[in-house]
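Engineer: Below is the file structure-v3.cif, with mmCIF, C-alpha atoms.
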```cif
data_coords
loop_
_atom_site.group_PDB
_atom_site.id
_atom_site.type_symbol
_atom_site.label_atom_id
_atom_site.label_comp_id
_atom_site.auth_asym_id
_atom_site.auth_seq_id
_atom_site.Cartn_x
_atom_site.Cartn_y
_atom_site.Cartn_z
ATOM 1 C CA MET A 1 9.695 -14.185 -9.672
ATOM 2 C CA GLU A 2 6.025 -13.605 -8.815
ATOM 3 C CA GLU A 3 5.392 -17.150 -7.531
ATOM 4 C CA LYS A 4 8.511 -17.053 -5.364
ATOM 5 C CA ILE A 5 7.448 -13.713 -3.848
ATOM 6 C CA LYS A 6 3.922 -14.968 -3.257
ATOM 7 C CA ARG A 7 5.303 -18.040 -1.461
ATOM 8 C CA ILE A 8 7.505 -15.911 0.837
ATOM 9 C CA ILE A 9 4.655 -13.552 1.673
ATOM 10 C CA SER A 10 2.314 -16.518 2.247
ATOM 11 C CA GLU A 11 4.788 -17.983 4.724
ATOM 12 C CA GLN A 12 4.868 -14.678 6.595
ATOM 13 C CA GLU A 13 1.065 -14.447 6.544
ATOM 14 C CA LYS A 14 0.688 -17.827 8.243
ATOM 15 C CA LYS A 15 1.723 -15.949 11.380
ATOM 16 C CA LEU A 16 -1.449 -13.834 11.003
ATOM 17 C CA GLY A 17 -3.741 -16.758 10.288
ATOM 18 C CA ASN A 18 -3.383 -17.010 6.498
ATOM 19 C CA THR A 19 -5.147 -13.721 5.819
ATOM 20 C CA ASN A 20 -3.506 -13.127 2.412
ATOM 21 C CA PHE A 21 -3.659 -9.480 3.455
ATOM 22 C CA VAL A 22 -0.207 -8.425 2.255
ATOM 23 C CA TRP A 23 -0.380 -10.383 -1.005
ATOM 24 C CA ASN A 24 -3.777 -8.901 -1.884
ATOM 25 C CA HIS A 25 -2.504 -5.431 -0.987
ATOM 26 C CA THR A 26 0.554 -6.007 -3.180
ATOM 27 C CA GLN A 27 -1.618 -6.905 -6.161
ATOM 28 C CA ARG A 28 -3.830 -3.828 -5.698
ATOM 29 C CA VAL A 29 -0.791 -1.553 -5.367
ATOM 30 C CA ARG A 30 0.672 -3.145 -8.489
ATOM 31 C CA LYS A 31 -2.509 -2.329 -10.456
ATOM 32 C CA LEU A 32 -2.587 1.226 -9.140
ATOM 33 C CA CYS A 33 1.087 1.648 -10.085
ATOM 34 C CA SER A 34 0.344 0.432 -13.585
ATOM 35 C CA ARG A 35 -2.483 2.935 -13.987
ATOM 36 C CA LEU A 36 -0.527 5.819 -12.479
ATOM 37 C CA ALA A 37 2.571 4.973 -14.550
ATOM 38 C CA GLU A 38 0.473 5.208 -17.684
ATOM 39 C CA LEU A 39 -0.944 8.586 -16.642
ATOM 40 C CA GLU A 40 2.373 9.973 -15.402
ATOM 41 C CA HIS A 41 4.617 8.472 -18.127
ATOM 42 C CA ALA A 42 6.831 6.447 -15.790
ATOM 43 C CA ASP A 43 9.007 3.382 -16.384
ATOM 44 C CA THR A 44 6.456 0.576 -16.071
ATOM 45 C CA ARG A 45 8.962 -2.303 -15.996
ATOM 46 C CA LEU A 46 10.962 -0.996 -13.043
ATOM 47 C CA LEU A 47 7.856 0.217 -11.260
ATOM 48 C CA ASP A 48 6.128 -3.156 -11.636
ATOM 49 C CA ALA A 49 9.123 -4.928 -10.113
ATOM 50 C CA ALA A 50 9.184 -2.465 -7.214
ATOM 51 C CA ALA A 51 5.430 -2.766 -6.682
ATOM 52 C CA ILE A 52 5.461 -6.552 -6.448
ATOM 53 C CA LEU A 53 8.417 -6.476 -4.042
ATOM 54 C CA HIS A 54 7.579 -3.384 -1.981
ATOM 55 C CA ASP A 55 6.236 -5.259 1.067
ATOM 56 C CA ILE A 56 8.389 -8.392 0.829
ATOM 57 C CA SER A 57 9.578 -7.842 4.440
ATOM 58 C CA LYS A 58 6.453 -6.212 5.875
ATOM 59 C CA LEU A 59 5.317 -9.016 8.163
ATOM 60 C CA ASP A 60 8.789 -9.994 9.330
ATOM 61 C CA CYS A 61 9.418 -6.393 10.318
ATOM 62 C CA LEU A 62 6.165 -6.202 12.300
ATOM 63 C CA GLU A 63 7.816 -8.633 14.693
ATOM 64 C CA THR A 64 11.275 -7.031 14.756
ATOM 65 C CA GLY A 65 10.279 -3.366 14.614
ATOM 66 C CA GLU A 66 12.679 -2.761 11.740
ATOM 67 C CA LYS A 67 11.733 -0.507 8.835
ATOM 68 C CA HIS A 68 10.239 -2.834 6.248
ATOM 69 C CA ALA A 69 11.037 -0.568 3.298
ATOM 70 C CA GLU A 70 14.763 -0.613 4.057
ATOM 71 C CA ILE A 71 14.922 -4.334 4.816
ATOM 72 C CA GLY A 72 12.714 -5.094 1.809
ATOM 73 C CA ALA A 73 14.945 -3.085 -0.510
ATOM 74 C CA GLU A 74 17.893 -5.281 0.458
ATOM 75 C CA LYS A 75 15.888 -8.490 0.206
ATOM 76 C CA ALA A 76 14.534 -7.482 -3.219
ATOM 77 C CA LYS A 77 17.978 -7.824 -4.772
ATOM 78 C CA ASP A 78 17.608 -11.602 -4.553
ATOM 79 C CA PHE A 79 14.607 -11.466 -6.904
ATOM 80 C CA LEU A 80 15.866 -9.137 -9.608
ATOM 81 C CA ASN A 81 17.652 -11.598 -11.883
ATOM 82 C CA GLY A 82 17.490 -10.314 -15.445
ATOM 83 C CA PHE A 83 17.809 -6.688 -14.370
ATOM 84 C CA SER A 84 21.056 -4.793 -14.853
ATOM 85 C CA THR A 85 22.965 -3.546 -11.812
ATOM 86 C CA GLU A 86 21.668 -0.038 -12.450
ATOM 87 C CA GLU A 87 18.076 -1.248 -12.818
ATOM 88 C CA THR A 88 18.381 -3.323 -9.632
ATOM 89 C CA GLU A 89 19.623 -0.290 -7.717
ATOM 90 C CA THR A 90 16.756 1.795 -9.133
ATOM 91 C CA VAL A 91 14.120 -0.789 -8.160
ATOM 92 C CA CYS A 92 15.615 -1.113 -4.675
ATOM 93 C CA GLY A 93 15.671 2.686 -4.347
ATOM 94 C CA ILE A 94 11.975 2.860 -5.251
ATOM 95 C CA ILE A 95 11.187 0.202 -2.631
ATOM 96 C CA LYS A 96 13.334 1.846 0.029
ATOM 97 C CA LYS A 97 11.544 5.166 -0.411
ATOM 98 C CA HIS A 98 7.968 3.855 -0.643
ATOM 99 C CA SER A 99 7.204 4.423 3.046
ATOM 100 C CA ASP A 100 8.307 8.064 2.875
ATOM 101 C CA LYS A 101 4.901 9.290 1.716
ATOM 102 C CA GLY A 102 4.915 12.685 0.061
ATOM 103 C CA SER A 103 8.678 12.926 -0.015
ATOM 104 C CA GLY A 104 8.978 13.249 -3.773
ATOM 105 C CA GLY A 105 11.899 11.639 -5.555
ATOM 106 C CA THR A 106 11.789 10.112 -9.011
ATOM 107 C CA ILE A 107 8.415 9.738 -10.689
ATOM 108 C CA GLU A 108 8.555 5.996 -10.031
ATOM 109 C CA GLU A 109 9.238 6.600 -6.311
ATOM 110 C CA GLN A 110 6.350 9.048 -6.183
ATOM 111 C CA ILE A 111 3.985 6.622 -7.892
ATOM 112 C CA LEU A 112 4.735 3.717 -5.550
ATOM 113 C CA GLN A 113 4.309 6.025 -2.544
ATOM 114 C CA ASP A 114 0.987 7.231 -3.974
ATOM 115 C CA ALA A 115 -0.324 3.782 -4.896
ATOM 116 C CA ASP A 116 0.542 2.390 -1.473
ATOM 117 C CA LEU A 117 -1.313 5.281 0.181
ATOM 118 C CA LEU A 118 -4.322 5.148 -2.151
ATOM 119 C CA ASP A 119 -4.821 1.497 -1.239
ATOM 120 C CA LYS A 120 -5.710 2.646 2.283
ATOM 121 C CA LEU A 121 -8.657 4.674 0.967
ATOM 122 C CA GLY A 122 -12.055 4.198 -0.657
ATOM 123 C CA ALA A 123 -14.026 0.968 -0.510
ATOM 124 C CA VAL A 124 -10.793 -1.036 -0.301
ATOM 125 C CA GLY A 125 -9.572 1.184 2.518
ATOM 126 C CA ILE A 126 -12.771 0.649 4.468
ATOM 127 C CA GLY A 127 -12.525 -3.115 4.032
ATOM 128 C CA THR A 128 -8.839 -3.113 4.888
ATOM 129 C CA PHE A 129 -9.419 -1.121 8.054
ATOM 130 C CA PHE A 130 -11.905 -3.664 9.346
ATOM 131 C CA ILE A 131 -9.728 -6.628 8.389
ATOM 132 C CA LYS A 132 -6.886 -5.053 10.360
ATOM 133 C CA ALA A 133 -9.305 -4.200 13.164
ATOM 134 C CA GLY A 134 -10.038 -7.893 13.553
ATOM 135 C CA ILE A 135 -6.358 -8.787 13.538
ATOM 136 C CA PHE A 136 -5.098 -5.983 15.770
ATOM 137 C CA GLY A 137 -8.098 -5.400 18.045
ATOM 138 C CA LYS A 138 -9.413 -2.057 16.764
ATOM 139 C CA THR A 139 -13.046 -0.915 16.914
ATOM 140 C CA HIS A 140 -15.556 0.987 14.781
ATOM 141 C CA LYS A 141 -14.747 4.113 16.774
ATOM 142 C CA ASP A 142 -11.076 3.846 15.788
ATOM 143 C CA PHE A 143 -12.206 4.169 12.175
ATOM 144 C CA LEU A 144 -14.072 7.380 12.978
ATOM 145 C CA LYS A 145 -10.973 8.854 14.655
ATOM 146 C CA LYS A 146 -8.871 8.613 11.477
ATOM 147 C CA ASP A 147 -8.362 11.823 9.522
ATOM 148 C CA PHE A 148 -8.399 10.529 5.970
ATOM 149 C CA GLN A 149 -8.131 14.094 4.599
ATOM 150 C CA GLU A 150 -4.526 14.117 5.818
ATOM 151 C CA TYR A 151 -3.640 11.353 3.370
ATOM 152 C CA GLY A 152 -4.210 13.709 0.450
ATOM 153 C CA LYS A 153 -1.473 16.032 1.695
ATOM 154 C CA ARG A 154 1.061 13.220 1.342
ATOM 155 C CA LEU A 155 0.319 12.388 -2.293
ATOM 156 C CA ASN A 156 2.815 13.381 -4.961
ATOM 157 C CA THR A 157 1.211 13.108 -8.393
ATOM 158 C CA GLN A 158 -1.779 14.945 -9.818
ATOM 159 C CA SER A 159 -3.239 11.667 -11.059
ATOM 160 C CA ALA A 160 -3.188 10.191 -7.544
ATOM 161 C CA LYS A 161 -4.716 13.363 -6.116
ATOM 162 C CA LYS A 162 -7.664 12.973 -8.504
ATOM 163 C CA MET A 163 -8.137 9.339 -7.450
ATOM 164 C CA PHE A 164 -7.877 10.427 -3.826
ATOM 165 C CA GLU A 165 -10.814 12.827 -4.090
ATOM 166 C CA GLU A 166 -13.160 10.104 -5.297
ATOM 167 C CA ARG A 167 -11.982 7.648 -2.660
ATOM 168 C CA LEU A 168 -12.193 10.291 0.067
ATOM 169 C CA ALA A 169 -15.808 11.104 -0.816
ATOM 170 C CA LEU A 170 -16.780 7.486 -0.198
ATOM 171 C CA MET A 171 -14.853 7.421 3.097
ATOM 172 C CA LYS A 172 -16.682 10.532 4.307
ATOM 173 C CA GLU A 173 -20.059 9.147 3.299
ATOM 174 C CA PHE A 174 -19.326 5.845 5.028
ATOM 175 C CA SER A 175 -18.057 7.604 8.174
ATOM 176 C CA GLU A 176 -21.246 9.641 8.466
ATOM 177 C CA ARG A 177 -23.406 6.564 8.031
ATOM 178 C CA LEU A 178 -21.314 4.577 10.518
ATOM 179 C CA LYS A 179 -21.537 7.377 13.076
ATOM 180 C CA LYS A 180 -25.359 7.476 12.752
ATOM 181 C CA GLU A 181 -25.639 3.710 13.083
ATOM 182 C CA LEU A 182 -23.341 3.583 16.119
ATOM 183 C CA GLU A 183 -25.455 6.297 17.767
ATOM 184 C CA GLY A 184 -28.645 4.372 17.007
ATOM 185 C CA GLU A 185 -29.997 7.138 14.761
ATOM 186 C CA ILE A 186 -30.730 4.726 11.908
#
```
Could you take the file, read its structure, and then write that structure out as structure tokens?

Structural biologist:
Amino acid sequence: MEEKIKRIISEQEKKLGNTNFVWNHTQRVRKLCSRLAELEHADTRLLDAAAILHDISKLDCLETGEKHAEIGAEKAKDFLNGFSTEETETVCGIIKKHSDKGSGGTIEEQILQDADLLDKLGAVGIGTFFIKAGIFGKTHKDFLKKDFQEYGKRLNTQSAKKMFEERLALMKEFSERLKKELEGEI
């Protein structure tokens, strides 16, 4: 399953110049889900399947404007051989809800929402912002305009909220340094 998903995402990423952005994001979200599932006592098997499939339609939907979580949930069914009908529906439900940050749901839905959001923060978040900046024409000042504190309000689990605080501290420190450098202060 994993190789097939990687191949599909790689084909989509060719449109962005072979960045491997979505595949790398998927792997980080998968690791965060694993850690959060352990801390929150969630179903790791179903959550892992949802994590690896959660952005299967992300790049296609950038072009069409469709909601990638909904389209991805449908597409995911093709990859869930070996899962019962009930498990398939659960995995697809987790995927479908992953873009509804802070909306609650099952613990597995909450964890995927949280992991996907946490990946936008901390050192990885800083790097990701500037990768996207290069792709989509953003600037350093766009980074400074973002209110990363708002992300914390959309987290569901206590474990993710703890991770958020550490990641947010780095974002604030980096933002202050960036601001000083852009102003020529240092």

Engineer: Could you state the separation of CA of Glu108 in chain A and CA of Leu155 in chain A in Å, given to one decimal place?

Structural biologist: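 Separation of CA of Glu108 in chain A and CA of Leu155 in chain A: 13.0 Å.
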
Engineer: What does the PyMOL selection byres ((chain A and resi 177-183) around 12) select in this file, as a PyMOL selection string?

Structural biologist: chain A and resi 126+139-145+170-176+184-186

Engineer: Determine the residue set returned by the PyMOL selection byres ((chain A and resi 76-84) around 12) for the present structure, and present it as a JSON list (two decimals) with C-alpha atoms, keeping the file's coordinate frame.

Structural biologist:
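Final output, out-v7.json:
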```json
[["chain", "number", "residue", "atom", "x", "y", "z"],
["A", 1, "MET", "CA", 9.70, -14.18, -9.67],
["A", 2, "GLU", "CA", 6.02, -13.60, -8.82],
["A", 3, "GLU", "CA", 5.39, -17.15, -7.53],
["A", 4, "LYS", "CA", 8.51, -17.05, -5.36],
["A", 5, "ILE", "CA", 7.45, -13.71, -3.85],
["A", 6, "LYS", "CA", 3.92, -14.97, -3.26],
["A", 8, "ILE", "CA", 7.50, -15.91, 0.84],
["A", 45, "ARG", "CA", 8.96, -2.30, -16.00],
["A", 46, "LEU", "CA", 10.96, -1.00, -13.04],
["A", 48, "ASP", "CA", 6.13, -3.16, -11.64],
["A", 49, "ALA", "CA", 9.12, -4.93, -10.11],
["A", 50, "ALA", "CA", 9.18, -2.46, -7.21],
["A", 51, "ALA", "CA", 5.43, -2.77, -6.68],
["A", 52, "ILE", "CA", 5.46, -6.55, -6.45],
["A", 53, "LEU", "CA", 8.42, -6.48, -4.04],
["A", 54, "HIS", "CA", 7.58, -3.38, -1.98],
["A", 55, "ASP", "CA", 6.24, -5.26, 1.07],
["A", 56, "ILE", "CA", 8.39, -8.39, 0.83],
["A", 57, "SER", "CA", 9.58, -7.84, 4.44],
["A", 68, "HIS", "CA", 10.24, -2.83, 6.25],
["A", 69, "ALA", "CA", 11.04, -0.57, 3.30],
["A", 70, "GLU", "CA", 14.76, -0.61, 4.06],
["A", 71, "ILE", "CA", 14.92, -4.33, 4.82],
["A", 72, "GLY", "CA", 12.71, -5.09, 1.81],
["A", 73, "ALA", "CA", 14.94, -3.08, -0.51],
["A", 74, "GLU", "CA", 17.89, -5.28, 0.46],
["A", 75, "LYS", "CA", 15.89, -8.49, 0.21],
["A", 85, "THR", "CA", 22.96, -3.55, -11.81],
["A", 86, "GLU", "CA", 21.67, -0.04, -12.45],
["A", 87, "GLU", "CA", 18.08, -1.25, -12.82],
["A", 88, "THR", "CA", 18.38, -3.32, -9.63],
["A", 89, "GLU", "CA", 19.62, -0.29, -7.72],
["A", 90, "THR", "CA", 16.76, 1.80, -9.13],
["A", 91, "VAL", "CA", 14.12, -0.79, -8.16],
["A", 92, "CYS", "CA", 15.62, -1.11, -4.68],
["A", 93, "GLY", "CA", 15.67, 2.69, -4.35],
["A", 94, "ILE", "CA", 11.98, 2.86, -5.25],
["A", 95, "ILE", "CA", 11.19, 0.20, -2.63],
["A", 96, "LYS", "CA", 13.33, 1.85, 0.03]]
```

Engineer: Taking the file above as input, evaluate the PyMOL selection byres ((chain A and resi 107) around 10) and report the hits as a list in words.

Structural biologist: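 Output from the PyMOL selection byres ((chain A and resi 107) around 10), applied to this file: Leu36, Ala37, Glu40, His41, Ala42, Asp43, Leu47, Ile94, Gly104, Gly105, Thr106, Glu108, Glu109, Gln110, Ile111, Leu112, Gln113, Asn156 and Thr157 of chain A.
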
Engineer: If you measure from CA of Arg167 in chain A to CA of Asn20 in chain A, what distance in Å do you get, rounded to one decimal?

Structural biologist: 23.0 Å

Engineer: Which value, in Å to one decimal, gives the distance between CA of Asp119 in chain A and CA of His25 in chain A?

Structural biologist: 7.3 Å

Engineer: Would you fill out range 19-30 of chain A with all heavy atoms and return it as a PDB file, keeping the file's coordinate frame?

Structural biologist:
```pdb
ATOM      1  N   THR A  19      -4.205 -14.750   6.257  1.00  0.00           N
ATOM      2  CA  THR A  19      -5.147 -13.721   5.819  1.00  0.00           C
ATOM      3  C   THR A  19      -4.983 -13.343   4.351  1.00  0.00           C
ATOM      4  O   THR A  19      -5.891 -12.779   3.765  1.00  0.00           O
ATOM      5  CB  THR A  19      -4.958 -12.438   6.649  1.00  0.00           C
ATOM      6  OG1 THR A  19      -3.631 -11.943   6.406  1.00  0.00           O
ATOM      7  CG2 THR A  19      -5.173 -12.694   8.128  1.00  0.00           C
ATOM      8  N   ASN A  20      -3.845 -13.595   3.767  1.00  0.00           N
ATOM      9  CA  ASN A  20      -3.506 -13.127   2.412  1.00  0.00           C
ATOM     10  C   ASN A  20      -3.555 -11.609   2.315  1.00  0.00           C
ATOM     11  O   ASN A  20      -3.603 -11.044   1.230  1.00  0.00           O
ATOM     12  CB  ASN A  20      -4.428 -13.738   1.347  1.00  0.00           C
ATOM     13  CG  ASN A  20      -4.132 -15.184   1.126  1.00  0.00           C
ATOM     14  OD1 ASN A  20      -2.984 -15.594   1.165  1.00  0.00           O
ATOM     15  ND2 ASN A  20      -5.170 -15.969   0.917  1.00  0.00           N
ATOM     16  N   PHE A  21      -3.529 -10.939   3.425  1.00  0.00           N
ATOM     17  CA  PHE A  21      -3.659  -9.480   3.455  1.00  0.00           C
ATOM     18  C   PHE A  21      -2.558  -8.786   2.654  1.00  0.00           C
ATOM     19  O   PHE A  21      -2.838  -7.943   1.811  1.00  0.00           O
ATOM     20  CB  PHE A  21      -3.659  -8.996   4.911  1.00  0.00           C
ATOM     21  CG  PHE A  21      -3.673  -7.514   5.027  1.00  0.00           C
ATOM     22  CD1 PHE A  21      -4.850  -6.817   4.828  1.00  0.00           C
ATOM     23  CD2 PHE A  21      -2.521  -6.809   5.308  1.00  0.00           C
ATOM     24  CE1 PHE A  21      -4.868  -5.436   4.899  1.00  0.00           C
ATOM     25  CE2 PHE A  21      -2.524  -5.434   5.386  1.00  0.00           C
ATOM     26  CZ  PHE A  21      -3.712  -4.740   5.185  1.00  0.00           C
ATOM     27  N   VAL A  22      -1.316  -9.122   2.918  1.00  0.00           N
ATOM     28  CA  VAL A  22      -0.207  -8.425   2.255  1.00  0.00           C
ATOM     29  C   VAL A  22      -0.164  -8.765   0.769  1.00  0.00           C
ATOM     30  O   VAL A  22       0.059  -7.888  -0.066  1.00  0.00           O
ATOM     31  CB  VAL A  22       1.149  -8.733   2.937  1.00  0.00           C
ATOM     32  CG1 VAL A  22       2.305  -8.129   2.160  1.00  0.00           C
ATOM     33  CG2 VAL A  22       1.146  -8.205   4.366  1.00  0.00           C
ATOM     34  N   TRP A  23      -0.408 -10.024   0.415  1.00  0.00           N
ATOM     35  CA  TRP A  23      -0.380 -10.383  -1.005  1.00  0.00           C
ATOM     36  C   TRP A  23      -1.485  -9.659  -1.773  1.00  0.00           C
ATOM     37  O   TRP A  23      -1.249  -9.133  -2.861  1.00  0.00           O
ATOM     38  CB  TRP A  23      -0.486 -11.897  -1.192  1.00  0.00           C
ATOM     39  CG  TRP A  23      -0.427 -12.265  -2.633  1.00  0.00           C
ATOM     40  CD1 TRP A  23      -1.430 -12.745  -3.412  1.00  0.00           C
ATOM     41  CD2 TRP A  23       0.701 -12.097  -3.517  1.00  0.00           C
ATOM     42  NE1 TRP A  23      -1.005 -12.922  -4.704  1.00  0.00           N
ATOM     43  CE2 TRP A  23       0.303 -12.528  -4.793  1.00  0.00           C
ATOM     44  CE3 TRP A  23       2.003 -11.640  -3.338  1.00  0.00           C
ATOM     45  CZ2 TRP A  23       1.160 -12.505  -5.888  1.00  0.00           C
ATOM     46  CZ3 TRP A  23       2.857 -11.633  -4.434  1.00  0.00           C
ATOM     47  CH2 TRP A  23       2.426 -12.064  -5.690  1.00  0.00           C
ATOM     48  N   ASN A  24      -2.680  -9.605  -1.215  1.00  0.00           N
ATOM     49  CA  ASN A  24      -3.777  -8.901  -1.884  1.00  0.00           C
ATOM     50  C   ASN A  24      -3.479  -7.412  -2.003  1.00  0.00           C
ATOM     51  O   ASN A  24      -3.739  -6.799  -3.040  1.00  0.00           O
ATOM     52  CB  ASN A  24      -5.098  -9.136  -1.141  1.00  0.00           C
ATOM     53  CG  ASN A  24      -5.566 -10.569  -1.251  1.00  0.00           C
ATOM     54  OD1 ASN A  24      -5.257 -11.270  -2.208  1.00  0.00           O
ATOM     55  ND2 ASN A  24      -6.299 -11.028  -0.260  1.00  0.00           N
ATOM     56  N   HIS A  25      -2.917  -6.835  -0.954  1.00  0.00           N
ATOM     57  CA  HIS A  25      -2.504  -5.431  -0.987  1.00  0.00           C
ATOM     58  C   HIS A  25      -1.459  -5.213  -2.084  1.00  0.00           C
ATOM     59  O   HIS A  25      -1.547  -4.263  -2.864  1.00  0.00           O
ATOM     60  CB  HIS A  25      -1.941  -5.026   0.382  1.00  0.00           C
ATOM     61  CG  HIS A  25      -1.125  -3.783   0.376  1.00  0.00           C
ATOM     62  ND1 HIS A  25      -1.666  -2.521   0.230  1.00  0.00           N
ATOM     63  CD2 HIS A  25       0.224  -3.606   0.491  1.00  0.00           C
ATOM     64  CE1 HIS A  25      -0.690  -1.621   0.264  1.00  0.00           C
ATOM     65  NE2 HIS A  25       0.460  -2.260   0.415  1.00  0.00           N
ATOM     66  N   THR A  26      -0.501  -6.112  -2.167  1.00  0.00           N
ATOM     67  CA  THR A  26       0.554  -6.007  -3.180  1.00  0.00           C
ATOM     68  C   THR A  26      -0.039  -5.993  -4.583  1.00  0.00           C
ATOM     69  O   THR A  26       0.369  -5.187  -5.428  1.00  0.00           O
ATOM     70  CB  THR A  26       1.551  -7.177  -3.027  1.00  0.00           C
ATOM     71  OG1 THR A  26       2.199  -7.058  -1.757  1.00  0.00           O
ATOM     72  CG2 THR A  26       2.583  -7.184  -4.129  1.00  0.00           C
ATOM     73  N   GLN A  27      -0.997  -6.850  -4.838  1.00  0.00           N
ATOM     74  CA  GLN A  27      -1.618  -6.905  -6.161  1.00  0.00           C
ATOM     75  C   GLN A  27      -2.404  -5.628  -6.476  1.00  0.00           C
ATOM     76  O   GLN A  27      -2.383  -5.140  -7.605  1.00  0.00           O
ATOM     77  CB  GLN A  27      -2.514  -8.139  -6.281  1.00  0.00           C
ATOM     78  CG  GLN A  27      -1.745  -9.446  -6.283  1.00  0.00           C
ATOM     79  CD  GLN A  27      -0.691  -9.493  -7.386  1.00  0.00           C
ATOM     80  OE1 GLN A  27      -0.945  -9.181  -8.535  1.00  0.00           O
ATOM     81  NE2 GLN A  27       0.517  -9.887  -7.019  1.00  0.00           N
ATOM     82  N   ARG A  28      -3.089  -5.083  -5.473  1.00  0.00           N
ATOM     83  CA  ARG A  28      -3.830  -3.828  -5.698  1.00  0.00           C
ATOM     84  C   ARG A  28      -2.864  -2.669  -5.953  1.00  0.00           C
ATOM     85  O   ARG A  28      -3.086  -1.843  -6.849  1.00  0.00           O
ATOM     86  CB  ARG A  28      -4.737  -3.522  -4.505  1.00  0.00           C
ATOM     87  CG  ARG A  28      -5.916  -4.465  -4.373  1.00  0.00           C
ATOM     88  CD  ARG A  28      -6.897  -4.000  -3.316  1.00  0.00           C
ATOM     89  NE  ARG A  28      -6.307  -3.732  -2.022  1.00  0.00           N
ATOM     90  CZ  ARG A  28      -6.157  -4.618  -1.041  1.00  0.00           C
ATOM     91  NH1 ARG A  28      -6.558  -5.882  -1.210  1.00  0.00           N
ATOM     92  NH2 ARG A  28      -5.628  -4.260   0.114  1.00  0.00           N
ATOM     93  N   VAL A  29      -1.793  -2.611  -5.178  1.00  0.00           N
ATOM     94  CA  VAL A  29      -0.791  -1.553  -5.367  1.00  0.00           C
ATOM     95  C   VAL A  29      -0.163  -1.685  -6.751  1.00  0.00           C
ATOM     96  O   VAL A  29       0.055  -0.688  -7.449  1.00  0.00           O
ATOM     97  CB  VAL A  29       0.271  -1.586  -4.247  1.00  0.00           C
ATOM     98  CG1 VAL A  29       1.477  -0.719  -4.598  1.00  0.00           C
ATOM     99  CG2 VAL A  29      -0.349  -1.155  -2.930  1.00  0.00           C
ATOM    100  N   ARG A  30       0.094  -2.893  -7.157  1.00  0.00           N
ATOM    101  CA  ARG A  30       0.672  -3.145  -8.489  1.00  0.00           C
ATOM    102  C   ARG A  30      -0.243  -2.597  -9.589  1.00  0.00           C
ATOM    103  O   ARG A  30       0.220  -1.951 -10.533  1.00  0.00           O
ATOM    104  CB  ARG A  30       0.877  -4.644  -8.642  1.00  0.00           C
ATOM    105  CG  ARG A  30       1.698  -5.049  -9.806  1.00  0.00           C
ATOM    106  CD  ARG A  30       1.873  -6.556  -9.792  1.00  0.00           C
ATOM    107  NE  ARG A  30       2.737  -6.983 -10.860  1.00  0.00           N
ATOM    108  CZ  ARG A  30       2.854  -8.231 -11.250  1.00  0.00           C
ATOM    109  NH1 ARG A  30       2.172  -9.191 -10.639  1.00  0.00           N
ATOM    110  NH2 ARG A  30       3.659  -8.559 -12.232  1.00  0.00           N
TER     111      ARG A  30
END
```
